[in-house]
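Novice: Next up is a structure, given as structure tokens.
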Amino acid sequence: MPDSPILSVQDLQVTFATRQGPLRAVDGLSFDVAPKEVVGIVGESGSGKSVSMYSVLGLVRDANVQINGSVKFQGREILGLSDQEMQPIRGGEIGMIFQDPMTALTPVYTVGWQIAEQLRAHSGMTKQQARERAIELLGEVGIPDPRKRVDRYPHEFSGGMRQRVVIAMALSCNPKLLIADEPTTALDVTTQAQILDLMLKLQDSYNSSIVIITHDMGVIAEMAHKVVVMYAGRPAEIGPEIDVVRNPRHPYTWGLLGAVPRVESRNDRLTTIPGNAVSPLDIPEGCAFADRCEYRMDICTKRPQLKGTNSHLDACWLSDEQRLTIRSKAVR
Amino acid sequence: MLSFSLRRILSAVLVLFAISIAVFLIFFATPGVDPAARIAGRSASPATLAHVRAAFGLNRPIFIRYLLMMDHLFIKRDLTSYVNVGLKVVPQVLKAAPITLALVSGAAVIWLVVGIFGGIIAAANRGKFIDPLVMFIGIAAVSVPAYWLGEVVNLITQSRLHSSLFSWVPSGGYTPFTQNPWQWALHLLFPWLTLAALYAGIYARVLRAELVNAMNEDYVRTARAKGLSERRILIRHALRCSLVSIVSLFGLDFGALIGGAALLTEVVFGLQGVGMLTYTALQNLDLPVIMACVLYGSFFVVLANAVVDILYAFLDPRVRVA
Amino acid sequence: MGALGVLIFIVLICLCAPLYAHYWAHVNPFSSNISGRIFINGHWRSVIQSNSTGYGESPIGPTWHINNYFLGADSQGRDVFARLLYGGRDSLLIGTASALICVFFATISGLAAGYFGGVIDWIVSRMLDITWAFPVYLLAISLSVILVTAGFSVGPIHVQAGSLLLPIIIIALIYVPYVARPLRGIVMTLKEREFIQAAIGSGASDWRILRKEILPNVAPSIIVFFPLMVAFNMLTESALSFLGVGVQPPNASWGTIINDGLELLYTRPWVAMAPGLMIVITAGALNLLGDGFRDAFDPKAKLRGSI
Ligand SMILES: Nc1ncnc2c1ncn2[C@@H]1O[C@H](COP(=O)(O)OP(=O)(O)OP(=O)(O)O)[C@@H](O)[C@H]1O
Ligand code: SF4
Ligand SMILES: [Mg+2]
């Protein structure tokens with residue numbers, strides 16, 4: 001197979017033991033990322049997007065967590081590897097960008113030092129070489145006057161600038177895969193657009209794959225080749241971006257897209273689905289979305305499996321005819 | 001940075017001023033107490049009393065009294081003890097200070113090493129038996145009265161095991177470093193350990209808590225995602241950030257100890273430091289000496305606080321700009 | 001849990017000492033008994049015996065008979081064990097009462113400074129700064145030297161020399177900044193929170209907001225601080241008493257008993273060791289309890305550094 005996936009997640013389960021009982025943050029997530037592919041993960045707050053991607057890199061540090069399933073990176077199982085075994089992968093082969101740039105950098109070191117630290121962890125660079133490369137990288141991510149900025153501390157940067165630093169750091173070792181956890185949520189609108197453009201440009205020149213987590217269907221429409229829609233820790237719908245956006249199959253995705261008046265406008269948040277997100281502590285036995293679903297049927301008390309044609313899958317008991325009639329009525 | 005330091009020092013001077021007033025008020029304006037009788041000591045003759053009244057201007061307005069007092073202490077430096085008649089107070093304090101300094105500095109080295117090491121070990125082994133063990137020892141250490149621990153040490157090294165295991169332990173007192181460095185260290189060893197025990201316990205507990213907090217910070221997750229080793233994350237990132245609060249704690253404690261809080265250890269081990277001076281004065285109700293010691297002590301506390309704040313700015317780049 | 005059990009046990013045996021210690025010890029723990037004799041193991045022995053060297057005399061050592069000088073006698077011929085129980089009453093009383101007073105004043109000043117800000121905050125903070133900058137023991141010593149042997153009177157209030165109230169008040173006051181500072185910080189962050197802002201916006205009176213919104217939210221921290229303060233204060237009391245400026249005779253506390261035992265350290269070590277052990281156990285239990293409270297109520301509460 002020429003296009004064997006770079007990352008393959010199979011039936012990922014993440015459960016936290018809490019005082020109120022087990023909390024299933026991720027339940028049965030499966031998807032593949034092909035080389036140079038951009039995969040978008042969408043879902044409401046608390047749907048398990050961050051937790052699932054932290055699990056991939058072994059970054060969930062909680063004594064009460066139980067992680068099952070399989071995560072293969074370039075064909076090699078990496079779930080359950082020790083920190084030591086993960087070291088070359090983290091930062092070297094898989095870069096990660098975090099949700100909140102304000103707190104992602106260590107406050108007591110200059111940004112240049114922090115980028116150089118990563119470079120030196122993965123290559124035999126000398127201090128001087130690493131510093132030069134850090135300056136180059138800062139320039140590449142669009143920080144003006146990088147030679148001067150390299151010795152500044154994180155608190156002297158704005159949020160957008162810090163996110164650029166984090167991106168520079170994540171890309172510093174030419175990772176094959178970049179995981180970006182809501183890289184723009186904390187930023188203002190213009191900065192958001194710049195950061196996304198930057199990521200696309202860099203993906204192009206570094207030939208990496210990207211997994212991008214977002215709340216924002218507009219971001220998906222602009223960047224992603226493939227979409228994973230998550231609800232309450234479970235995949236609700238997975239498919240090529242065109243199919244999912246043009247021809248969504250799951251009622252939850254309908255809600256998400258309905259909240260975006262025009263697919264081109266990128267800044268509307270997915271907030272207008274009636275009802276509240278289900279509490280992760282008591283997700284129903286059957287379809288997790290049942291409480292908020294207009295089209296609930298008797299069978300929905302049983303859990304729907306992901307199924308579908310080709311690569312477009314969804315987890316819903318509605319038949320194709322039912323979906324057609326509902327959609328035609330809704331679209332009119 | 002410079003202006004920050006200057007401002008900090010200015011405020012330290014102001015606090016010192018306020019403290020000198022507070023001390024003055026405690027000793028000279030406490031309701032229902034005759035200051036002359038207190039200064040002159042027990043069973044002073046009427047002549048002495050009259051002399052004290054005149055010297056401290058006790059029948060003049062209160063702020064003149066304050067100025068006179070400060071004059072005796074800092075300008076003329078001729079404050080004398082009325083208990084040990086004729087003994088000048090200020091030179092005595094200056095003579096005792098090096099002993100206190102030696103005691104506290106040595107102990108500080110020990111407790112920093114032990115405390116930081118203990119804190120790191122506990123934090124690095126969270127969830128294993130060694131963490132609660134270190135923390136339990138820490139609790140025990142902070143629950144022991146320092147002077148009592150000193151007595152236990154004395155009992156063991158000077159009496160019970162003195163003829164066998166601890167025959168090399170000198171019997172109390174102090175040998176100046178310049179005279180014999182080896183004896184100096186030998187005399188101070190157990191006082192150091194005793195004084196350090198409490199603070200090592202505190203520091204291990206504080207540092208562990210700080211480290212555990214730091215290890216939950218976002219920047220630690222970033223560091224891990226960069227592919228750094230756990231040890232490097234703990235030491236270079238978490239510890240480096242926690243050091244800021246350790247340093248500020250250290251400044252306060254060091255200042256307070258130099259300023260007299262080491263008194264109990266000095267008394268128990270018979271070291272003639274400032275604390276001992278205060279203690280002896282206390283036994284004789286020798287007020288001028290006590291007053292000088294208290295002021296001397298607060299001077300060090302305030303100084304230490306100022307130094308800490310400036311050091312803090314060095315350690316934490318976020319403070320510098322402000 | 002174990003800590004709580006130990007604590008309750010110690011408190012009970014000390015508080016109830018007047019009920020039973022008398023029957024055990026057969027002697028008054030507060031009056032000297034230099035010429036007393038006791039019947040032990042079939043022999044009559046003097047409480048104070050001449051030394052075998054011929055020089056001086058020593059009190060009797062531990063008999064390990066619970067009703068007869070269990071831990072021996074001090075230089076006045078008093079039963080150390082009975083004194084230990086009675087002394088514990090004063091140690092615990094001073095520790096608890098001063099912690100209560102301290103927390104009370106600290107709560108008032110911390111809340112006022114944090115909530116009202118402005119001038120009140122400035123005044124309170126500066127006062128706290130100054131007390132903070134004093135070496136705690138020296139401050140306590142200065143106050144004690146002046147007050148303990150003479151008592152004091154302000155207006156209608158007269159406190160007698162040697163009264164237990166003096167060490168209680170002194171210890172309470174010197175630690176106010178230790179508690180008030182963190183509380184002030186907590187209130188300041190609370191005040192920015194939405195529900196407080198909403199309450200302020202709705203026109204509720206300051207008093208009502210402080211009572212109904214702020215106080216319940218700082219209460220967990222206060223609960224965490226309390227056992228730690230009791231331990232802190234007990235240790236301070238014992239140090240002051242050891243120096244002779246804390247509890248004054250005829251009252252006794254664990255600190256004064258250690259002081260009494262100092263001259264007997266090498267001959268009759270139990271006189272000084274026993275009260276020290278009691279302090280260690282009690283303070284240790286209180287510290288463990290504080291840690292437990294912290295985990296249960298307020299993991300972020302910090303008294304001093306992170307303690
Ligand atoms: N350490 C933890 N212990 C217990 N529950 C946790 C822990 N970490 C995350 N969770 C829970 O797991 C669920 C998924 O969280 P996650 O952060 O993945 O959501 P998310 O989809 O990234 O949301 P957002 O868009 O707000 O970032 C949430 O309900 C969260 O409360
Ligand atoms: S399975 Fe049933 S409840 Fe769930 S989304 Fe489909 S129709 Fe709605
Ligand atoms: Mg998230």
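Labels used: A, B, ... for chains in the order of the structure tokens, numbers from 1 for residues in each chain, and numbers from 1 for ligands as shown.
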Neighbouring residues of Ser30 (chain A) were defined as those with any atom within 7 Å, considering only C-alpha atoms; residues of the same chain fewer than 2 positions away were excluded. Please report them as an mmCIF file with N, CA, C and O atoms, in the first residue's frame.
Specialist:
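Okay, result-v5.cif is ready:
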data_model
loop_
_atom_site.group_PDB
_atom_site.id
_atom_site.type_symbol
_atom_site.label_atom_id
_atom_site.label_comp_id
_atom_site.auth_asym_id
_atom_site.auth_seq_id
_atom_site.Cartn_x
_atom_site.Cartn_y
_atom_site.Cartn_z
ATOM 1 N N VAL A 9 -5.727 5.213 14.622
ATOM 2 C CA VAL A 9 -6.321 5.075 15.956
ATOM 3 C C VAL A 9 -7.437 4.050 15.865
ATOM 4 O O VAL A 9 -8.308 4.158 14.994
ATOM 5 N N GLN A 10 -7.395 3.032 16.701
ATOM 6 C CA GLN A 10 -8.416 1.983 16.651
ATOM 7 C C GLN A 10 -9.085 1.830 18.004
ATOM 8 O O GLN A 10 -8.427 1.516 18.998
ATOM 9 N N ASP A 11 -10.395 2.066 18.018
ATOM 10 C CA ASP A 11 -11.202 1.792 19.203
ATOM 11 C C ASP A 11 -10.578 2.349 20.483
ATOM 12 O O ASP A 11 -10.417 1.659 21.479
ATOM 13 N N LEU A 12 -10.218 3.629 20.452
ATOM 14 C CA LEU A 12 -9.590 4.276 21.612
ATOM 15 C C LEU A 12 -10.641 4.496 22.715
ATOM 16 O O LEU A 12 -11.739 5.003 22.445
ATOM 17 N N GLY A 28 -14.454 4.457 22.016
ATOM 18 C CA GLY A 28 -14.551 3.818 20.706
ATOM 19 C C GLY A 28 -14.206 4.711 19.540
ATOM 20 O O GLY A 28 -14.863 4.667 18.502
#
Novice: Taking a cut-off of 10 Å and counting only C-alpha atoms and all ligand atoms, can you build a table that, for each residue of chain A near ligand 1, reports the nearest atom pair and how far apart they are in Å (one decimal), sorted by chain then residue number, as a tab-separated table?
Specialist:
residue	atom	partner	partner_atom_place_in_ligand_line	distance
A:Val14	CA	ligand 1	12 (O)	8.5
A:Thr15	CA	ligand 1	5 (N)	8.1
A:Phe16	CA	ligand 1	4 (C)	5.2
A:Ala17	CA	ligand 1	4 (C)	7.2
A:Thr18	CA	ligand 1	4 (C)	6.3
A:Arg19	CA	ligand 1	4 (C)	9.5
A:Pro22	CA	ligand 1	4 (C)	8.9
A:Leu23	CA	ligand 1	5 (N)	6.4
A:Arg24	CA	ligand 1	12 (O)	7.1
A:Ala25	CA	ligand 1	12 (O)	4.2
A:Val26	CA	ligand 1	14 (C)	7.2
A:Ile41	CA	ligand 1	21 (O)	9.2
A:Val42	CA	ligand 1	21 (O)	8.1
A:Gly43	CA	ligand 1	21 (O)	6.3
A:Glu44	CA	ligand 1	25 (O)	5.8
A:Ser45	CA	ligand 1	25 (O)	3.5
A:Gly46	CA	ligand 1	19 (O)	3.4
A:Ser47	CA	ligand 1	21 (O)	4.0
A:Gly48	CA	ligand 1	18 (O)	3.1
A:Lys49	CA	ligand 1	21 (O)	3.8
A:Ser50	CA	ligand 1	22 (O)	3.7
A:Val51	CA	ligand 1	18 (O)	3.7
A:Ser52	CA	ligand 1	18 (O)	6.2
A:Met53	CA	ligand 1	18 (O)	8.0
A:Tyr54	CA	ligand 1	18 (O)	8.3
A:Ser55	CA	ligand 1	18 (O)	9.7
A:Val60	CA	ligand 1	1 (N)	7.1
A:Arg61	CA	ligand 1	1 (N)	7.2
A:Asp62	CA	ligand 1	1 (N)	5.5
A:Ala63	CA	ligand 1	1 (N)	8.6
A:Asn64	CA	ligand 1	3 (N)	7.4
A:Val65	CA	ligand 1	3 (N)	7.4
A:Phe98	CA	ligand 1	27 (O)	9.9
A:Gln99	CA	ligand 1	27 (O)	7.2
A:Asp100	CA	ligand 1	27 (O)	9.6
A:Asp181	CA	ligand 1	22 (O)	7.7
A:Glu182	CA	ligand 1	27 (O)	7.4
A:Thr185	CA	ligand 1	25 (O)	9.0
A:Ile213	CA	ligand 1	22 (O)	8.0
A:Thr214	CA	ligand 1	25 (O)	7.2
A:His215	CA	ligand 1	25 (O)	6.5
A:Met230	CA	ligand 1	21 (O)	8.2
A:Tyr231	CA	ligand 1	21 (O)	8.7
A:Ala232	CA	ligand 1	14 (C)	7.9
A:Gly233	CA	ligand 1	14 (C)	7.0
A:Ala277	CA	ligand 1	29 (O)	9.9
A:Val278	CA	ligand 1	29 (O)	9.4
A:Ser279	CA	ligand 1	29 (O)	7.3
A:Pro280	CA	ligand 1	29 (O)	5.3
A:Leu281	CA	ligand 1	29 (O)	7.9
Novice: Write down, as number ranges by chain, each residue of chain B that has any atom within 12 Å of an atom of chain A, counting only C-alpha atoms.
Specialist: B: 126-128, 212, 214-233, 236-244, 312-322
Novice: What does the distance between CA of Leu178 (chain A) and CA of Asp151 (chain A) come to in Å, to one decimal place?
Specialist: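 CA of Leu178 (chain A) sits 25.7 Å away from CA of Asp151 (chain A).
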Novice: Using only C-alpha atoms, determine which residues of chain B fall within 7 Å of chain C; present them as a ChimeraX atom specification.
Specialist: /B:15,19,26-27,31-32,139-140,143-145,148,155,159,206,209-210,245,249,256,259-261,294,297-298,301-302
Novice: Using the selection just defined, write its residues with C-alpha atoms as a compact mmCIF listing (two decimals), in the first residue's frame.
Specialist:
# COMPACT_ATOMS: atom_id res chain seq x y z
CA VAL B 15 9.46 49.63 57.29
CA ILE B 19 9.45 48.96 63.35
CA ILE B 26 6.14 48.48 73.19
CA PHE B 27 8.91 49.37 75.61
CA PRO B 31 -0.16 51.31 79.42
CA GLY B 32 0.26 50.63 83.10
CA ILE B 139 5.54 16.55 59.41
CA ALA B 140 7.48 15.07 62.29
CA SER B 143 6.15 19.32 64.87
CA VAL B 144 9.25 19.09 67.04
CA PRO B 145 10.04 22.06 69.29
CA TRP B 148 13.61 20.27 72.84
CA LEU B 155 21.22 14.10 76.14
CA SER B 159 25.49 12.05 78.34
CA VAL B 206 6.69 23.25 50.48
CA ALA B 209 3.58 20.85 46.95
CA GLU B 210 5.03 23.41 44.54
CA SER B 245 8.71 30.60 46.00
CA LEU B 249 10.58 31.63 51.79
CA ALA B 256 14.30 35.84 60.91
CA GLY B 259 17.50 38.31 63.55
CA GLY B 260 17.08 36.19 66.64
CA ALA B 261 14.80 33.28 65.88
CA VAL B 294 14.99 43.23 68.79
CA GLY B 297 16.83 41.43 64.55
CA SER B 298 14.20 43.36 62.65
CA VAL B 301 14.52 40.55 58.63
CA VAL B 302 13.76 43.68 56.67
